[in-house]
$ cat upload14.cif   # mmCIF, C-alpha atoms
data_upload
#
loop_
_atom_site.group_PDB
_atom_site.id
_atom_site.type_symbol
_atom_site.label_atom_id
_atom_site.label_comp_id
_atom_site.auth_asym_id
_atom_site.auth_seq_id
_atom_site.Cartn_x
_atom_site.Cartn_y
_atom_site.Cartn_z
ATOM 1 C CA MET A 1 -24.321 -10.146 17.812
ATOM 2 C CA ASN A 2 -24.911 -7.544 15.110
ATOM 3 C CA TYR A 3 -21.676 -5.862 16.160
ATOM 4 C CA LEU A 4 -19.717 -9.090 15.580
ATOM 5 C CA ARG A 5 -21.322 -9.604 12.185
ATOM 6 C CA GLN A 6 -20.341 -6.095 11.112
ATOM 7 C CA PHE A 7 -16.833 -5.976 12.541
ATOM 8 C CA TRP A 8 -15.715 -9.634 12.500
ATOM 9 C CA TRP A 9 -13.092 -8.983 9.840
ATOM 10 C CA LYS A 10 -11.519 -6.210 11.918
ATOM 11 C CA ILE A 11 -11.305 -8.501 14.936
ATOM 12 C CA PHE A 12 -9.845 -11.168 12.643
ATOM 13 C CA THR A 13 -7.249 -8.667 11.386
ATOM 14 C CA VAL A 14 -6.144 -7.780 14.909
ATOM 15 C CA VAL A 15 -5.864 -11.457 15.864
ATOM 16 C CA ILE A 16 -3.805 -12.300 12.759
ATOM 17 C CA LEU A 17 -1.408 -9.380 13.186
ATOM 18 C CA PHE A 18 -0.998 -10.082 16.910
ATOM 19 C CA TYR A 19 -0.079 -13.656 16.026
ATOM 20 C CA VAL A 20 2.308 -12.539 13.258
ATOM 21 C CA PHE A 21 4.154 -10.030 15.441
ATOM 22 C CA ILE A 22 4.531 -12.378 18.421
ATOM 23 C CA ALA A 23 5.264 -15.571 16.496
ATOM 24 C CA GLY A 24 7.582 -13.710 14.144
ATOM 25 C CA LEU A 25 9.750 -12.684 17.063
ATOM 26 C CA ILE A 26 9.826 -15.832 19.196
ATOM 27 C CA ASN A 27 9.215 -18.827 16.894
ATOM 28 C CA PRO A 28 12.274 -20.762 15.686
ATOM 29 C CA VAL A 29 13.425 -19.967 12.135
ATOM 30 C CA PRO A 30 15.871 -21.641 9.715
ATOM 31 C CA GLN A 31 19.497 -20.789 10.461
ATOM 32 C CA LEU A 32 20.644 -19.730 7.000
ATOM 33 C CA PRO A 33 24.087 -18.355 6.057
ATOM 34 C CA ILE A 34 24.350 -14.527 6.001
ATOM 35 C CA LEU A 35 20.651 -14.056 6.838
ATOM 36 C CA ASN A 36 20.730 -15.726 10.253
ATOM 37 C CA GLU A 37 18.075 -14.108 12.484
ATOM 38 C CA THR A 38 17.326 -11.388 9.920
ATOM 39 C CA ILE A 39 15.182 -13.981 8.121
ATOM 40 C CA ARG A 40 12.459 -12.887 10.573
ATOM 41 C CA ASN A 41 12.089 -9.738 8.478
ATOM 42 C CA ALA A 42 10.449 -11.997 5.885
ATOM 43 C CA PHE A 43 7.342 -11.907 8.095
ATOM 44 C CA TYR A 44 7.055 -8.123 7.710
ATOM 45 C CA HIS A 45 8.869 -6.799 4.614
ATOM 46 C CA PRO A 46 7.350 -8.967 1.826
ATOM 47 C CA PRO A 47 3.811 -8.847 3.322
ATOM 48 C CA LEU A 48 3.987 -5.053 3.423
ATOM 49 C CA TRP A 49 4.847 -5.001 -0.286
ATOM 50 C CA ILE A 50 2.119 -7.513 -1.153
ATOM 51 C CA ALA A 51 -0.398 -5.388 0.760
ATOM 52 C CA MET A 52 0.868 -2.251 -0.992
ATOM 53 C CA MET A 53 0.463 -3.784 -4.453
ATOM 54 C CA THR A 54 -3.033 -5.019 -3.562
ATOM 55 C CA LEU A 55 -4.033 -1.543 -2.406
ATOM 56 C CA LEU A 56 -2.594 0.052 -5.546
ATOM 57 C CA LEU A 57 -4.576 -2.438 -7.630
ATOM 58 C CA LEU A 58 -7.762 -1.482 -5.770
ATOM 59 C CA SER A 59 -6.923 2.194 -6.305
ATOM 60 C CA ALA A 60 -6.594 1.614 -10.058
ATOM 61 C CA VAL A 61 -9.859 -0.366 -10.092
ATOM 62 C CA PHE A 62 -11.737 2.518 -8.464
ATOM 63 C CA SER A 63 -10.176 4.939 -10.948
ATOM 64 C CA ILE A 64 -11.530 2.749 -13.743
ATOM 65 C CA ARG A 65 -14.926 2.713 -12.020
ATOM 66 C CA TYR A 66 -14.900 6.497 -11.823
ATOM 67 C CA LEU A 67 -14.128 6.863 -15.522
ATOM 68 C CA SER A 68 -16.934 4.464 -16.407
ATOM 69 C CA LYS A 69 -19.600 5.685 -13.952
ATOM 70 C CA GLY A 70 -18.552 9.215 -12.999
ATOM 71 C CA GLN A 71 -19.212 8.721 -9.281
ATOM 72 C CA MET A 72 -17.078 11.038 -7.133
ATOM 73 C CA LEU A 73 -17.004 8.505 -4.304
ATOM 74 C CA ASP A 74 -15.067 6.136 -6.560
ATOM 75 C CA ASP A 75 -12.420 8.817 -7.058
ATOM 76 C CA LEU A 76 -12.300 9.318 -3.282
ATOM 77 C CA TRP A 77 -11.764 5.581 -2.757
ATOM 78 C CA ALA A 78 -9.007 5.640 -5.391
ATOM 79 C CA ILE A 79 -6.987 8.401 -3.733
ATOM 80 C CA GLU A 80 -7.374 6.936 -0.238
ATOM 81 C CA PHE A 81 -6.282 3.471 -1.371
ATOM 82 C CA ALA A 82 -3.255 5.110 -2.984
ATOM 83 C CA ASN A 83 -2.486 7.068 0.209
ATOM 84 C CA THR A 84 -2.548 3.920 2.332
ATOM 85 C CA ALA A 85 -0.535 1.995 -0.247
ATOM 86 C CA ILE A 86 2.255 4.575 -0.201
ATOM 87 C CA LEU A 87 2.287 4.431 3.611
ATOM 88 C CA PHE A 88 2.821 0.683 3.367
ATOM 89 C CA GLY A 89 5.428 1.291 0.667
ATOM 90 C CA ILE A 90 7.393 3.588 2.989
ATOM 91 C CA LEU A 91 7.251 0.972 5.753
ATOM 92 C CA GLY A 92 8.361 -1.618 3.214
ATOM 93 C CA CYS A 93 11.323 0.562 2.234
ATOM 94 C CA ILE A 94 12.315 0.992 5.888
ATOM 95 C CA THR A 95 12.147 -2.715 6.715
ATOM 96 C CA GLY A 96 13.879 -3.528 3.435
ATOM 97 C CA SER A 97 16.690 -1.056 4.114
ATOM 98 C CA VAL A 98 17.348 -2.526 7.551
ATOM 99 C CA TRP A 99 17.355 -6.032 6.090
ATOM 100 C CA ALA A 100 19.647 -4.971 3.225
ATOM 101 C CA TYR A 101 22.145 -3.444 5.658
ATOM 102 C CA PHE A 102 22.602 -6.677 7.591
ATOM 103 C CA ALA A 103 22.408 -8.974 4.533
ATOM 104 C CA TRP A 104 24.262 -6.929 1.902
ATOM 105 C CA GLY A 105 26.084 -4.261 3.929
ATOM 106 C CA ASP A 106 24.227 -1.256 2.517
ATOM 107 C CA PHE A 107 20.947 0.419 3.427
ATOM 108 C CA TRP A 108 20.146 1.085 -0.258
ATOM 109 C CA PRO A 109 22.261 -1.054 -2.606
ATOM 110 C CA ASN A 110 22.488 -0.244 -6.299
ATOM 111 C CA ASP A 111 19.967 -2.923 -7.256
ATOM 112 C CA PRO A 112 17.380 -2.943 -10.095
ATOM 113 C CA LYS A 113 14.528 -3.739 -7.745
ATOM 114 C CA THR A 114 15.319 -1.081 -5.148
ATOM 115 C CA ASN A 115 15.834 1.486 -7.907
ATOM 116 C CA GLY A 116 12.576 0.411 -9.530
ATOM 117 C CA VAL A 117 10.804 0.894 -6.214
ATOM 118 C CA ALA A 118 12.220 4.422 -5.946
ATOM 119 C CA VAL A 119 10.976 5.289 -9.435
ATOM 120 C CA GLY A 120 7.580 3.762 -8.681
ATOM 121 C CA MET A 121 7.202 5.767 -5.479
ATOM 122 C CA LEU A 122 8.065 8.928 -7.408
ATOM 123 C CA LEU A 123 5.333 8.052 -9.923
ATOM 124 C CA TYR A 124 2.755 8.107 -7.160
ATOM 125 C CA LEU A 125 4.239 11.224 -5.597
ATOM 126 C CA ALA A 126 3.588 12.864 -8.969
ATOM 127 C CA TYR A 127 0.024 11.504 -8.766
ATOM 128 C CA PHE A 128 -0.571 13.347 -5.491
ATOM 129 C CA ILE A 129 1.006 16.538 -6.856
ATOM 130 C CA LEU A 130 -1.146 16.269 -9.983
ATOM 131 C CA ARG A 131 -4.325 16.066 -7.918
ATOM 132 C CA ALA A 132 -3.313 19.090 -5.873
ATOM 133 C CA SER A 133 -2.766 21.168 -9.021
ATOM 134 C CA PHE A 134 -6.465 21.163 -10.010
ATOM 135 C CA GLU A 135 -9.144 23.238 -8.323
ATOM 136 C CA ASP A 136 -12.045 21.906 -10.378
ATOM 137 C CA GLU A 137 -13.167 18.626 -8.798
ATOM 138 C CA LEU A 138 -14.418 16.957 -11.960
ATOM 139 C CA ARG A 139 -11.317 17.766 -13.967
ATOM 140 C CA ARG A 140 -9.060 16.697 -11.109
ATOM 141 C CA ALA A 141 -10.864 13.385 -10.751
ATOM 142 C CA ARG A 142 -10.857 12.659 -14.472
ATOM 143 C CA VAL A 143 -7.211 13.515 -15.166
ATOM 144 C CA SER A 144 -5.859 11.902 -12.000
ATOM 145 C CA SER A 145 -7.872 8.721 -12.628
ATOM 146 C CA ILE A 146 -6.263 8.342 -16.048
ATOM 147 C CA TYR A 147 -2.820 8.975 -14.565
ATOM 148 C CA ASN A 148 -3.460 6.529 -11.702
ATOM 149 C CA ILE A 149 -4.256 3.705 -14.119
ATOM 150 C CA PHE A 150 -1.087 4.299 -16.145
ATOM 151 C CA ALA A 151 1.000 4.694 -12.957
ATOM 152 C CA PHE A 152 -0.101 1.247 -11.776
ATOM 153 C CA ALA A 153 0.550 -0.218 -15.227
ATOM 154 C CA MET A 154 4.127 1.144 -15.030
ATOM 155 C CA PHE A 155 4.717 0.338 -11.353
ATOM 156 C CA ILE A 156 4.239 -3.429 -11.673
ATOM 157 C CA PRO A 157 6.843 -3.894 -14.460
ATOM 158 C CA LEU A 158 9.290 -1.699 -12.534
ATOM 159 C CA ILE A 159 9.303 -3.953 -9.475
ATOM 160 C CA MET A 160 8.119 -7.324 -10.791
ATOM 161 C CA ILE A 161 9.326 -7.750 -14.387
ATOM 162 C CA LEU A 162 12.383 -5.599 -15.156
ATOM 163 C CA PRO A 163 14.436 -6.825 -12.132
ATOM 164 C CA ARG A 164 14.000 -10.394 -13.430
ATOM 165 C CA LEU A 165 15.641 -9.467 -16.714
ATOM 166 C CA THR A 166 18.977 -8.539 -15.140
ATOM 167 C CA ASP A 167 21.159 -9.350 -12.140
ATOM 168 C CA SER A 168 19.541 -8.530 -8.824
ATOM 169 C CA LEU A 169 20.261 -9.214 -5.177
ATOM 170 C CA HIS A 170 16.607 -9.843 -4.380
ATOM 171 C CA PRO A 171 15.241 -13.393 -4.185
ATOM 172 C CA GLY A 172 13.592 -14.604 -7.374
ATOM 173 C CA ASN A 173 15.465 -12.132 -9.573
ATOM 174 C CA GLY A 174 18.575 -12.400 -11.731
ATOM 175 C CA GLY A 175 18.878 -16.157 -11.192
ATOM 176 C CA ASN A 176 18.562 -15.937 -7.391
ATOM 177 C CA PRO A 177 16.167 -18.483 -5.838
ATOM 178 C CA GLY A 178 12.845 -16.997 -4.779
ATOM 179 C CA PHE A 179 11.016 -17.230 -1.484
ATOM 180 C CA ASN A 180 9.286 -20.365 -2.747
ATOM 181 C CA GLN A 181 12.402 -22.197 -1.571
ATOM 182 C CA TYR A 182 10.989 -21.726 1.938
ATOM 183 C CA ASP A 183 7.550 -23.129 1.063
ATOM 184 C CA GLN A 184 8.515 -26.488 2.513
ATOM 185 C CA ASP A 185 9.586 -24.925 5.810
ATOM 186 C CA LYS A 186 6.565 -24.739 8.089
ATOM 187 C CA SER A 187 8.311 -22.343 10.476
ATOM 188 C CA ILE A 188 8.174 -19.759 7.660
ATOM 189 C CA THR A 189 4.871 -20.535 5.938
ATOM 190 C CA MET A 190 2.839 -20.733 9.154
ATOM 191 C CA ILE A 191 3.637 -17.049 9.792
ATOM 192 C CA ILE A 192 4.274 -15.397 6.422
ATOM 193 C CA ARG A 193 1.039 -16.549 4.810
ATOM 194 C CA PRO A 194 -1.195 -15.141 7.567
ATOM 195 C CA ALA A 195 0.969 -11.986 7.404
ATOM 196 C CA PHE A 196 0.018 -11.495 3.750
ATOM 197 C CA ILE A 197 -3.659 -11.600 4.718
ATOM 198 C CA GLY A 198 -3.310 -9.557 7.899
ATOM 199 C CA PHE A 199 -1.374 -6.643 6.415
ATOM 200 C CA THR A 200 -3.675 -6.471 3.395
ATOM 201 C CA MET A 201 -6.769 -6.379 5.602
ATOM 202 C CA LEU A 202 -5.125 -3.744 7.787
ATOM 203 C CA GLY A 203 -4.557 -1.614 4.689
ATOM 204 C CA ILE A 204 -8.221 -1.913 3.721
ATOM 205 C CA TRP A 205 -9.234 -1.018 7.281
ATOM 206 C CA ILE A 206 -7.014 2.099 7.320
ATOM 207 C CA THR A 207 -8.360 3.126 3.910
ATOM 208 C CA GLN A 208 -11.935 2.753 5.132
ATOM 209 C CA LEU A 209 -11.206 5.020 8.097
ATOM 210 C CA ARG A 210 -9.510 7.598 5.853
ATOM 211 C CA PHE A 211 -12.450 7.455 3.431
ATOM 212 C CA ARG A 212 -14.969 8.107 6.199
ATOM 213 C CA ALA A 213 -12.894 10.942 7.645
ATOM 214 C CA ARG A 214 -12.590 12.553 4.221
ATOM 215 C CA ARG A 215 -16.343 12.309 3.638
ATOM 216 C CA VAL A 216 -16.960 14.082 6.937
ATOM 217 C CA GLU A 217 -14.532 16.822 5.890
ATOM 218 C CA ILE A 218 -16.335 17.231 2.561
ATOM 219 C CA VAL A 219 -19.742 17.491 4.262
ATOM 220 C CA LEU A 220 -18.421 20.073 6.728
ATOM 221 C CA GLU A 221 -16.831 22.084 3.915
ATOM 222 C CA GLU A 222 -20.073 22.047 1.917
ATOM 223 C CA GLN A 223 -22.055 23.091 4.990
ATOM 224 C CA GLU A 224 -19.608 25.922 5.669
ATOM 225 C CA GLN A 225 -19.952 27.142 2.080
ATOM 226 C CA GLN A 226 -23.740 27.073 2.312
ATOM 227 C CA ASP A 227 -23.676 28.995 5.589
ATOM 228 C CA GLN A 228 -21.370 31.560 4.022
ATOM 229 C CA LYS A 229 -23.755 32.025 1.086
ATOM 230 C CA VAL A 230 -26.685 32.486 3.468
ATOM 231 C CA ASN A 231 -24.763 35.097 5.446
ATOM 232 C CA ASP A 232 -23.761 36.932 2.276
ATOM 233 C CA THR A 233 -27.341 37.107 1.011
ATOM 234 C CA SER A 234 -28.668 38.248 4.401
ATOM 235 C CA ILE A 235 -26.343 41.250 4.569
ATOM 236 C CA PRO A 236 -28.268 44.385 3.428
ATOM 237 C CA GLN A 237 -26.812 46.099 0.392
#

$ encode --input "upload14.cif" --output "structure tokens"
Amino acid sequence: MNYLRQFWWKIFTVVILFYVFIAGLINPVPQLPILNETIRNAFYHPPLWIAMMTLLLLSAVFSIRYLSKGQMLDDLWAIEFANTAILFGILGCITGSVWAYFAWGDFWPNDPKTNGVAVGMLLYLAYFILRASFEDELRRARVSSIYNIFAFAMFIPLIMILPRLTDSLHPGNGGNPGFNQYDQDKSITMIIRPAFIGFTMLGIWITQLRFRARRVEIVLEEQEQQDQKVNDTSIPQ
């Protein structure tokens, strides 16, 4: 009983994603021009991006918490949320490229939103490189937290605002109708809405596992350093 109380949300995540994957493949979908059966990618591609943006938001929140409280664990949460978010971003790019090929005839069309995504991913690649360039933990955490907050503040306009100001192939941008046109179609909403929840919860679950693994690594590294100091002091001069 205690096990269920502690891990209910993980069981719930598995159930939701199992439903999304199976129903997304076999349930009937609207037969739309050009899209045809590729509309099933709507159950995977947009939810991956929603989950990624949620994880990046959580990463920025923990960076703010670190700057306000100075707790190293907050910085650790921030980097692990960012790591998982970029993983979801890569999966989103892959599913989006496949969808773009069948819908628009190109794996990576010259589109404001796809280009904005590329720039945004590079922003976070620079975030990881920036962290690796510091040896001092406190300085690394402080500088990278500031950068992480500004990276998120730039990432959202790149993929959510700027594409709406010009012509874009993506739904909801440049005068194109958004996905809300499918809100009245139960065959779409009954799968895509649980997918938003399931992929986001999966991202949090992966981040939690990465956080725990990293904490174990830190403890082992600290123990190894202490053992090394003991050995050095025990050696006769």

$ resolve_selection --input "upload14.cif" --expression "the PyMOL selection byres ((chain A and resi 108) around 10)" --output "list of chain:residue names"
A:Cys93, A:Ile94, A:Gly96, A:Ser97, A:Val98, A:Trp99, A:Ala100, A:Tyr101, A:Trp104, A:Gly105, A:Asp106, A:Phe107, A:Pro109, A:Asn110, A:Asp111, A:Thr114, A:Asn115

$ atom_distance --input "upload14.cif" --atom1 "CA of Tyr147 (chain A)" --atom2 "CA of Lys113 (chain A)"
22.6 Å

$ resolve_selection --input "upload14.cif" --expression "the PyMOL selection byres ((chain A and resi 42) around 10)" --output "PyMOL selection string"
chain A and resi 24+38-41+43-48+95-96+99+179+188+191-192+195

$ residues_around --input "upload14.cif" --residues "region 64-79 of chain A" --least-positions-apart "6" --cutoff "8 Å" --atoms "all atoms listed in the file" --output "NGL selection string"
:A and (58 or 141-142 or 145 or 149 or 207 or 211)

$ atom_distance --input "upload14.cif" --atom1 "CA of Glu37 (chain A)" --atom2 "CA of Ala23 (chain A)"
13.5 Å

$ residues_around --input "upload14.cif" --residues "Met154 (chain A)" --least-positions-apart "4" --cutoff "9 Å" --atoms "only C-alpha atoms" --output "JSON, numbers by chain"
{"A": [120, 123, 149, 150, 158]}

$ write_last_selection --input "upload14.cif" --atoms "C-alpha atoms" --output "mmCIF file, keeping the file's coordinate frame"
data_model
loop_
_atom_site.group_PDB
_atom_site.id
_atom_site.type_symbol
_atom_site.label_atom_id
_atom_site.label_comp_id
_atom_site.auth_asym_id
_atom_site.auth_seq_id
_atom_site.Cartn_x
_atom_site.Cartn_y
_atom_site.Cartn_z
ATOM 1 C CA GLY A 120 7.580 3.762 -8.681
ATOM 2 C CA LEU A 123 5.333 8.052 -9.923
ATOM 3 C CA ILE A 149 -4.256 3.705 -14.119
ATOM 4 C CA PHE A 150 -1.087 4.299 -16.145
ATOM 5 C CA LEU A 158 9.290 -1.699 -12.534
#

$ closest_residue --input "upload14.cif" --among "A:Thr200, A:Thr54, A:Val15, A:Ser63" --to "Val143 (chain A)" --atoms "all atoms listed in the file"
A:Ser63

$ atom_distance --input "upload14.cif" --atom1 "CA of Ser187 (chain A)" --atom2 "CA of Ile26 (chain A)"
11.0 Å

$ resolve_selection --input "upload14.cif" --expression "the PyMOL selection byres ((chain A and resi 122) around 12)" --output "list of chain:residue names"
A:Ile86, A:Gly89, A:Ile90, A:Asn115, A:Gly116, A:Val117, A:Ala118, A:Val119, A:Gly120, A:Met121, A:Leu123, A:Tyr124, A:Leu125, A:Ala126, A:Tyr127, A:Phe128, A:Ile129, A:Ala151, A:Met154, A:Phe155, A:Leu158

$ write_last_selection --input "upload14.cif" --atoms "C-alpha atoms" --output "PDB file, in the coordinates of the input"
ATOM      1  CA  ILE A  86       2.255   4.575  -0.201  1.00  0.00           C
ATOM      2  CA  GLY A  89       5.428   1.291   0.667  1.00  0.00           C
ATOM      3  CA  ILE A  90       7.393   3.588   2.989  1.00  0.00           C
ATOM      4  CA  ASN A 115      15.834   1.486  -7.907  1.00  0.00           C
ATOM      5  CA  GLY A 116      12.576   0.411  -9.530  1.00  0.00           C
ATOM      6  CA  VAL A 117      10.804   0.894  -6.214  1.00  0.00           C
ATOM      7  CA  ALA A 118      12.220   4.422  -5.946  1.00  0.00           C
ATOM      8  CA  VAL A 119      10.976   5.289  -9.435  1.00  0.00           C
ATOM      9  CA  GLY A 120       7.580   3.762  -8.681  1.00  0.00           C
ATOM     10  CA  MET A 121       7.202   5.767  -5.479  1.00  0.00           C
ATOM     11  CA  LEU A 123       5.333   8.052  -9.923  1.00  0.00           C
ATOM     12  CA  TYR A 124       2.755   8.107  -7.160  1.00  0.00           C
ATOM     13  CA  LEU A 125       4.239  11.224  -5.597  1.00  0.00           C
ATOM     14  CA  ALA A 126       3.588  12.864  -8.969  1.00  0.00           C
ATOM     15  CA  TYR A 127       0.024  11.504  -8.766  1.00  0.00           C
ATOM     16  CA  PHE A 128      -0.571  13.347  -5.491  1.00  0.00           C
ATOM     17  CA  ILE A 129       1.006  16.538  -6.856  1.00  0.00           C
ATOM     18  CA  ALA A 151       1.000   4.694 -12.957  1.00  0.00           C
ATOM     19  CA  MET A 154       4.127   1.144 -15.030  1.00  0.00           C
ATOM     20  CA  PHE A 155       4.717   0.338 -11.353  1.00  0.00           C
ATOM     21  CA  LEU A 158       9.290  -1.699 -12.534  1.00  0.00           C
TER      22      LEU A 158
END

$ closest_residue --input "upload14.cif" --among "A:Ile218, A:Ile206, A:Phe199, A:Gln228" --to "Phe21 (chain A)" --atoms "all atoms listed in the file"
A:Phe199

$ closest_residue --input "upload14.cif" --among "A:Phe102, A:Pro28, A:Glu80, A:Asn148" --to "Arg215 (chain A)" --atoms "all atoms listed in the file"
A:Glu80

$ closest_residue --input "upload14.cif" --among "A:Leu209, A:Thr189, A:Ile16, A:Arg164" --to "Phe81 (chain A)" --atoms "only C-alpha atoms"
A:Leu209

$ decode --input "upload14.cif" --residues "region 110-134 of chain A" --atoms "C-alpha atoms" --output "compact mmCIF listing (two decimals), in the first residue's frame"
# COMPACT_ATOMS: atom_id res chain seq x y z
CA ASN A 110 13.21 26.68 -44.55
CA ASP A 111 10.57 27.68 -42.00
CA PRO A 112 10.74 30.30 -39.20
CA LYS A 113 9.67 27.82 -36.56
CA THR A 114 12.09 25.05 -37.51
CA ASN A 115 14.91 27.59 -37.76
CA GLY A 116 13.91 29.05 -34.40
CA VAL A 117 14.05 25.57 -32.89
CA ALA A 118 17.57 25.09 -34.26
CA VAL A 119 18.72 28.37 -32.73
CA GLY A 120 17.05 27.50 -29.43
CA MET A 121 18.74 24.10 -29.28
CA LEU A 122 22.09 25.79 -29.93
CA LEU A 123 21.38 28.15 -27.02
CA TYR A 124 21.12 25.20 -24.67
CA LEU A 125 24.12 23.48 -26.22
CA ALA A 126 26.04 26.62 -25.27
CA TYR A 127 24.58 26.27 -21.76
CA PHE A 128 26.10 22.80 -21.40
CA ILE A 129 29.44 23.98 -22.81
CA LEU A 130 29.41 26.94 -20.42
CA ARG A 131 28.94 24.66 -17.42
CA ALA A 132 31.79 22.42 -18.54
CA SER A 133 34.16 25.40 -18.80
CA PHE A 134 34.15 26.09 -15.03
